[in-house]
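One structure is given below, encoded as structure tokens.
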Amino acid sequence: MADKPTVYLLDTFPPEAIEHAKSLFHLVQPEDEDFHGWRQNARALLVRSSYLTAEDIASCPNLVAIGKHGVGIDKIDQDACAKRGIKILNTPGANARDVAELVVALALSIARGIRSITTRQMTKPVPKETCKGLTLYQRTVGIIGMGNIGRTVAEIFRGGFEAHIIAYDAYMPENVWEHIPHTRVKSIAEVLAQADILSIHVPLTCDTRNMITYAQIRTMKPDAILINTARGGIVNEEDLTRALSEGYLWGAGLDCHEQEPPSHEKYGVLWDNLNVISTPHIGAATYRAQYASATAAIDNLHRYLSAE
């Protein structure tokens, strides 16, 4: 159809989402012959993991909107877009259930020493008498960031484990989570002091970078579990490595790192601790989440372009 807007796709989307995009747009993909002119020609982009720097934005004189697969927009220069009035349309909530389930999987695996047990068992039998674990039933789950993912984490732990939920968010209104029994506190320090499981769900900003340092970890319970599925850099990695090496915390589950994907060269010392489970940002790596997020990005972009 001649009246379909032209949209350039910079990254891989699920095949079914591609077909959906083609029904709404004249979609230009990296393998197409005219893709090489995307910088000069694009009014609209669809992206998933590509970086768009200030220089990239400056090289796109016609750009008005970016449809972002996923919630994180830290790979897009937001200041450059704001100065030009370029709209960034991300997909909060599309992958909330999938990330939340990974939080629970990491917490359970660390609580029961799964990595430690299976690693030792690779070389010789492990007597069950040498295994130890924590029960998560009716523990206190501390959540920093009360958005879609944090809420879903709270729902799962409350419904499945009868957990006591304590939460902090500097920006959310007071009437959120009315359906979840919880305690809303006034500071991160209160969450750290009370949490048996700490789960972080905030974006990486100037304010949240190094939000959790050695000093903060020292205020946590000695058998607490720290989970970060948000962004690398929120938890100071050197400080976490030091705290764990000194015997603070039961363990940590990390689905995000400052280096992604994480390498043994950078994280070998941290990974020597068998109570650490580290995954390469797979929170949304399910088919359901990928399709939902891709489709939401496409639909958001279509609505925006249609309303222009």
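Chains: A, B, ... in order of the structure tokens. Residues: from 1 per chain. Ligands: from 1, in order shown.
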Checklist entry - Within 9 Å of stretch 18-22 of chain A, counting only C-alpha atoms, which residues qualify if same-chain residues fewer than 3 places away don't, as a VMD selection string? => result chain A and resid 7 12 to 15 25 to 27 294 to 295 298 to 299 302
Next on the checklist: From a backbone DSSP assignment, name each residue in stretch 22-255 of chain A labelled alpha helix (DSSP H), as a PyMOL selection string.
Outcome noted: chain A and resi 22-24+38-41+54-58+78-84+96-111+114-121+148-161+188-194+214-218+237-245
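The environment of stretch 222-225 of chain A within 9 Å, counting only C-alpha atoms and disregarding residues fewer than 3 places along the same chain, consists of Ala107, Ile110, Ala111, Leu134, Ala195, Asp196, Ile197, Leu198, Ser199, Arg218, Thr219, Gly247, Tyr248, Leu249, Trp250, Gly251, Ala252 and Gly253 of chain A.
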Using only N, CA, C and O atoms, please write the residues we just selected to a file, as a PDB file, in the first residue's frame.
```
ATOM      1  N   ALA A 107      16.414 -16.317  42.914  1.00  0.00           N
ATOM      2  CA  ALA A 107      16.321 -16.337  44.378  1.00  0.00           C
ATOM      3  C   ALA A 107      16.252 -17.765  44.915  1.00  0.00           C
ATOM      4  O   ALA A 107      16.939 -18.127  45.879  1.00  0.00           O
ATOM      5  N   ILE A 110      19.665 -19.619  44.404  1.00  0.00           N
ATOM      6  CA  ILE A 110      20.688 -19.191  45.362  1.00  0.00           C
ATOM      7  C   ILE A 110      20.335 -19.682  46.765  1.00  0.00           C
ATOM      8  O   ILE A 110      21.203 -20.164  47.505  1.00  0.00           O
ATOM      9  N   ALA A 111      19.067 -19.579  47.120  1.00  0.00           N
ATOM     10  CA  ALA A 111      18.655 -20.018  48.462  1.00  0.00           C
ATOM     11  C   ALA A 111      18.976 -21.488  48.685  1.00  0.00           C
ATOM     12  O   ALA A 111      19.382 -21.883  49.785  1.00  0.00           O
ATOM     13  N   LEU A 134      18.240 -22.195  52.280  1.00  0.00           N
ATOM     14  CA  LEU A 134      17.303 -21.329  52.987  1.00  0.00           C
ATOM     15  C   LEU A 134      15.885 -21.604  52.491  1.00  0.00           C
ATOM     16  O   LEU A 134      15.676 -21.895  51.320  1.00  0.00           O
ATOM     17  N   ALA A 195      15.290  -6.579  54.375  1.00  0.00           N
ATOM     18  CA  ALA A 195      15.055  -7.570  53.325  1.00  0.00           C
ATOM     19  C   ALA A 195      15.834  -8.860  53.532  1.00  0.00           C
ATOM     20  O   ALA A 195      17.039  -8.834  53.793  1.00  0.00           O
ATOM     21  N   ASP A 196      15.151  -9.983  53.384  1.00  0.00           N
ATOM     22  CA  ASP A 196      15.823 -11.275  53.248  1.00  0.00           C
ATOM     23  C   ASP A 196      16.196 -11.505  51.780  1.00  0.00           C
ATOM     24  O   ASP A 196      17.210 -12.135  51.483  1.00  0.00           O
ATOM     25  N   ILE A 197      15.348 -11.006  50.895  1.00  0.00           N
ATOM     26  CA  ILE A 197      15.622 -11.020  49.465  1.00  0.00           C
ATOM     27  C   ILE A 197      15.461  -9.589  48.976  1.00  0.00           C
ATOM     28  O   ILE A 197      14.402  -8.978  49.171  1.00  0.00           O
ATOM     29  N   LEU A 198      16.493  -9.043  48.352  1.00  0.00           N
ATOM     30  CA  LEU A 198      16.438  -7.703  47.793  1.00  0.00           C
ATOM     31  C   LEU A 198      16.367  -7.814  46.281  1.00  0.00           C
ATOM     32  O   LEU A 198      17.218  -8.449  45.652  1.00  0.00           O
ATOM     33  N   SER A 199      15.350  -7.210  45.681  1.00  0.00           N
ATOM     34  CA  SER A 199      15.190  -7.247  44.231  1.00  0.00           C
ATOM     35  C   SER A 199      15.119  -5.816  43.708  1.00  0.00           C
ATOM     36  O   SER A 199      14.290  -5.019  44.164  1.00  0.00           O
ATOM     37  N   ARG A 218      26.762  -3.842  53.636  1.00  0.00           N
ATOM     38  CA  ARG A 218      27.082  -4.158  55.033  1.00  0.00           C
ATOM     39  C   ARG A 218      25.906  -3.941  55.974  1.00  0.00           C
ATOM     40  O   ARG A 218      25.893  -4.478  57.089  1.00  0.00           O
ATOM     41  N   THR A 219      24.926  -3.159  55.553  1.00  0.00           N
ATOM     42  CA  THR A 219      23.752  -2.939  56.411  1.00  0.00           C
ATOM     43  C   THR A 219      22.700  -4.036  56.230  1.00  0.00           C
ATOM     44  O   THR A 219      21.715  -4.065  56.961  1.00  0.00           O
ATOM     45  N   GLY A 247      32.304 -12.620  53.193  1.00  0.00           N
ATOM     46  CA  GLY A 247      31.290 -13.416  53.879  1.00  0.00           C
ATOM     47  C   GLY A 247      29.987 -12.707  54.152  1.00  0.00           C
ATOM     48  O   GLY A 247      29.145 -13.227  54.891  1.00  0.00           O
ATOM     49  N   TYR A 248      29.800 -11.535  53.566  1.00  0.00           N
ATOM     50  CA  TYR A 248      28.532 -10.836  53.731  1.00  0.00           C
ATOM     51  C   TYR A 248      27.566 -11.295  52.640  1.00  0.00           C
ATOM     52  O   TYR A 248      27.975 -11.551  51.509  1.00  0.00           O
ATOM     53  N   LEU A 249      26.303 -11.408  52.985  1.00  0.00           N
ATOM     54  CA  LEU A 249      25.224 -11.913  52.135  1.00  0.00           C
ATOM     55  C   LEU A 249      25.302 -13.436  51.979  1.00  0.00           C
ATOM     56  O   LEU A 249      26.369 -14.033  52.056  1.00  0.00           O
ATOM     57  N   TRP A 250      24.143 -14.028  51.730  1.00  0.00           N
ATOM     58  CA  TRP A 250      24.076 -15.452  51.402  1.00  0.00           C
ATOM     59  C   TRP A 250      24.541 -15.669  49.971  1.00  0.00           C
ATOM     60  O   TRP A 250      25.223 -16.649  49.673  1.00  0.00           O
ATOM     61  N   GLY A 251      24.146 -14.755  49.085  1.00  0.00           N
ATOM     62  CA  GLY A 251      24.539 -14.886  47.692  1.00  0.00           C
ATOM     63  C   GLY A 251      23.912 -13.793  46.856  1.00  0.00           C
ATOM     64  O   GLY A 251      23.206 -12.913  47.365  1.00  0.00           O
ATOM     65  N   ALA A 252      24.180 -13.839  45.564  1.00  0.00           N
ATOM     66  CA  ALA A 252      23.678 -12.807  44.652  1.00  0.00           C
ATOM     67  C   ALA A 252      23.298 -13.426  43.318  1.00  0.00           C
ATOM     68  O   ALA A 252      23.963 -14.344  42.832  1.00  0.00           O
ATOM     69  N   GLY A 253      22.238 -12.886  42.732  1.00  0.00           N
ATOM     70  CA  GLY A 253      21.817 -13.276  41.395  1.00  0.00           C
ATOM     71  C   GLY A 253      21.829 -12.056  40.500  1.00  0.00           C
ATOM     72  O   GLY A 253      21.162 -11.058  40.792  1.00  0.00           O
TER      73      GLY A 253
END
```
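Residue nearest A:Ala100, chosen from A:Ile200, A:Ala297, A:Leu52, A:Met122 and counting only C-alpha atoms: A:Ile200.
Residues within 8 Å of A:Asp255, counting only C-alpha atoms and excluding same-chain residues fewer than 4 positions away, are Asn228, Thr229, Ala230, Ser278, Thr279, Pro280, His281, Ile282 and Gly283 of chain A.
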Next on the checklist: For stretch 71-78 of chain A, find every residue with an atom within 6 Å (counting only C-alpha atoms), except residues of its own chain fewer than 4 positions away, and show them as a ChimeraX atom specification.
Outcome noted: /A:51-54,90-92
Checklist entry - Quick one: DSSP strand (DSSP E) residues in stretch 85-300 of chain A, as number ranges by chain? => result A: 87-89, 140-144, 164-168, 183-184, 197-200, 225-228, 251-254, 276-278
Mind dumping the selected residues with N, CA, C and O atoms as a CSV table (one decimal), in the first residue's frame?
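And here is the file that came out, part32.csv:
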```csv
chain,number,residue,atom,x,y,z
A,87,LYS,N,10.4,11.4,19.3
A,87,LYS,CA,9.7,10.6,20.3
A,87,LYS,C,10.3,9.2,20.4
A,87,LYS,O,10.5,8.5,19.4
A,88,ILE,N,10.6,8.8,21.6
A,88,ILE,CA,11.0,7.4,21.9
A,88,ILE,C,9.9,6.7,22.5
A,88,ILE,O,9.4,7.1,23.6
A,89,LEU,N,9.5,5.6,21.9
A,89,LEU,CA,8.3,4.8,22.3
A,89,LEU,C,8.8,3.4,22.8
A,89,LEU,O,9.0,2.6,21.9
A,140,THR,N,11.0,-11.9,54.1
A,140,THR,CA,10.7,-10.5,53.8
A,140,THR,C,11.4,-10.2,52.4
A,140,THR,O,12.6,-10.4,52.3
A,141,VAL,N,10.6,-9.8,51.5
A,141,VAL,CA,11.1,-9.5,50.1
A,141,VAL,C,11.1,-7.9,50.0
A,141,VAL,O,10.1,-7.3,50.1
A,142,GLY,N,12.3,-7.4,49.8
A,142,GLY,CA,12.5,-5.9,49.6
A,142,GLY,C,12.6,-5.6,48.2
A,142,GLY,O,13.4,-6.2,47.5
A,143,ILE,N,11.8,-4.7,47.7
A,143,ILE,CA,11.7,-4.3,46.3
A,143,ILE,C,12.0,-2.8,46.2
A,143,ILE,O,11.3,-2.0,46.8
A,144,ILE,N,13.0,-2.5,45.4
A,144,ILE,CA,13.4,-1.1,45.1
A,144,ILE,C,12.9,-0.9,43.6
A,144,ILE,O,13.5,-1.4,42.7
A,164,HIS,N,6.4,-11.3,53.2
A,164,HIS,CA,6.2,-10.0,53.7
A,164,HIS,C,6.9,-9.0,52.7
A,164,HIS,O,8.1,-9.2,52.4
A,165,ILE,N,6.2,-8.1,52.1
A,165,ILE,CA,6.7,-7.2,51.1
A,165,ILE,C,7.0,-5.9,51.6
A,165,ILE,O,6.1,-5.2,52.2
A,166,ILE,N,8.2,-5.4,51.4
A,166,ILE,CA,8.6,-4.0,51.8
A,166,ILE,C,9.1,-3.4,50.5
A,166,ILE,O,9.9,-4.0,49.8
A,167,ALA,N,8.7,-2.2,50.2
A,167,ALA,CA,9.0,-1.6,48.9
A,167,ALA,C,9.3,-0.1,49.1
A,167,ALA,O,8.8,0.6,50.0
A,168,TYR,N,10.1,0.4,48.1
A,168,TYR,CA,10.5,1.8,48.0
A,168,TYR,C,10.5,2.2,46.6
A,168,TYR,O,11.0,1.5,45.7
A,183,THR,N,4.4,-3.0,52.8
A,183,THR,CA,4.8,-1.8,53.6
A,183,THR,C,5.6,-0.9,52.7
A,183,THR,O,6.7,-1.3,52.1
A,184,ARG,N,5.2,0.3,52.5
A,184,ARG,CA,5.9,1.3,51.6
A,184,ARG,C,6.7,2.1,52.6
A,184,ARG,O,6.2,2.8,53.5
A,197,ILE,N,15.3,-11.0,50.9
A,197,ILE,CA,15.6,-11.0,49.5
A,197,ILE,C,15.5,-9.6,49.0
A,197,ILE,O,14.4,-9.0,49.2
A,198,LEU,N,16.5,-9.0,48.4
A,198,LEU,CA,16.4,-7.7,47.8
A,198,LEU,C,16.4,-7.8,46.3
A,198,LEU,O,17.2,-8.4,45.7
A,199,SER,N,15.4,-7.2,45.7
A,199,SER,CA,15.2,-7.2,44.2
A,199,SER,C,15.1,-5.8,43.7
A,199,SER,O,14.3,-5.0,44.2
A,200,ILE,N,16.0,-5.5,42.7
A,200,ILE,CA,16.1,-4.1,42.2
A,200,ILE,C,15.4,-4.0,40.9
A,200,ILE,O,15.7,-4.8,40.0
A,225,ILE,N,19.8,-12.3,50.3
A,225,ILE,CA,20.1,-12.6,48.9
A,225,ILE,C,19.8,-11.3,48.1
A,225,ILE,O,18.7,-10.7,48.2
A,226,LEU,N,20.8,-10.9,47.3
A,226,LEU,CA,20.6,-9.7,46.4
A,226,LEU,C,20.4,-10.1,45.0
A,226,LEU,O,21.2,-10.9,44.4
A,227,ILE,N,19.3,-9.6,44.4
A,227,ILE,CA,19.0,-9.9,43.0
A,227,ILE,C,19.0,-8.6,42.2
A,227,ILE,O,18.3,-7.7,42.6
A,228,ASN,N,19.7,-8.6,41.1
A,228,ASN,CA,19.6,-7.4,40.2
A,228,ASN,C,19.3,-7.9,38.8
A,228,ASN,O,20.2,-8.5,38.1
A,251,GLY,N,24.1,-14.8,49.1
A,251,GLY,CA,24.5,-14.9,47.7
A,251,GLY,C,23.9,-13.8,46.9
A,251,GLY,O,23.2,-12.9,47.4
A,252,ALA,N,24.2,-13.8,45.6
A,252,ALA,CA,23.7,-12.8,44.7
A,252,ALA,C,23.3,-13.4,43.3
A,252,ALA,O,24.0,-14.3,42.8
A,253,GLY,N,22.2,-12.9,42.7
A,253,GLY,CA,21.8,-13.3,41.4
A,253,GLY,C,21.8,-12.1,40.5
A,253,GLY,O,21.2,-11.1,40.8
A,254,LEU,N,22.6,-12.1,39.4
A,254,LEU,CA,22.8,-11.0,38.6
A,254,LEU,C,22.4,-11.3,37.1
A,254,LEU,O,23.0,-12.2,36.5
A,276,VAL,N,27.0,-17.2,43.8
A,276,VAL,CA,26.7,-16.2,42.8
A,276,VAL,C,26.2,-16.9,41.5
A,276,VAL,O,26.8,-17.8,41.0
A,277,ILE,N,25.0,-16.4,41.0
A,277,ILE,CA,24.5,-16.9,39.7
A,277,ILE,C,24.5,-15.7,38.8
A,277,ILE,O,23.9,-14.7,39.2
A,278,SER,N,25.1,-15.8,37.7
A,278,SER,CA,25.2,-14.7,36.7
A,278,SER,C,24.7,-15.1,35.4
A,278,SER,O,25.1,-16.2,34.9
```
Next on the checklist: For A:Gln29, find every residue with an atom within 9 Å (counting only C-alpha atoms), except residues of its own chain fewer than 5 positions away, and show them as a PyMOL selection string.
Outcome noted: chain A and resi 7-12+34-35
With N, CA, C and O atoms retained, export the selected residues as a compact mmCIF listing (two decimals), in the first residue's frame.
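Done, and the output landed in part_9.txt:
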```txt
# COMPACT_ATOMS: atom_id res chain seq x y z
N VAL A 7 9.25 2.50 7.55
CA VAL A 7 9.95 2.33 8.83
C VAL A 7 11.17 1.45 8.60
O VAL A 7 11.08 0.42 7.91
N TYR A 8 12.29 1.86 9.18
CA TYR A 8 13.53 1.10 9.05
C TYR A 8 13.75 0.28 10.32
O TYR A 8 13.72 0.83 11.43
N LEU A 9 13.95 -1.00 10.15
CA LEU A 9 14.20 -1.92 11.27
C LEU A 9 15.70 -2.16 11.38
O LEU A 9 16.33 -2.67 10.45
N LEU A 10 16.27 -1.78 12.53
CA LEU A 10 17.73 -1.90 12.70
C LEU A 10 18.17 -3.22 13.31
O LEU A 10 19.34 -3.58 13.22
N ASP A 11 17.25 -3.95 13.94
CA ASP A 11 17.63 -5.15 14.68
C ASP A 11 16.72 -6.33 14.31
O ASP A 11 15.78 -6.19 13.53
N THR A 12 17.01 -7.47 14.92
CA THR A 12 16.22 -8.68 14.70
C THR A 12 14.95 -8.65 15.55
O THR A 12 15.01 -8.42 16.76
N ASP A 34 17.72 -1.05 -0.20
CA ASP A 34 17.68 0.38 0.12
C ASP A 34 17.87 0.68 1.60
O ASP A 34 17.71 1.82 2.03
N PHE A 35 18.26 -0.35 2.38
CA PHE A 35 18.47 -0.11 3.80
C PHE A 35 19.64 0.83 4.06
O PHE A 35 19.63 1.59 5.03
```
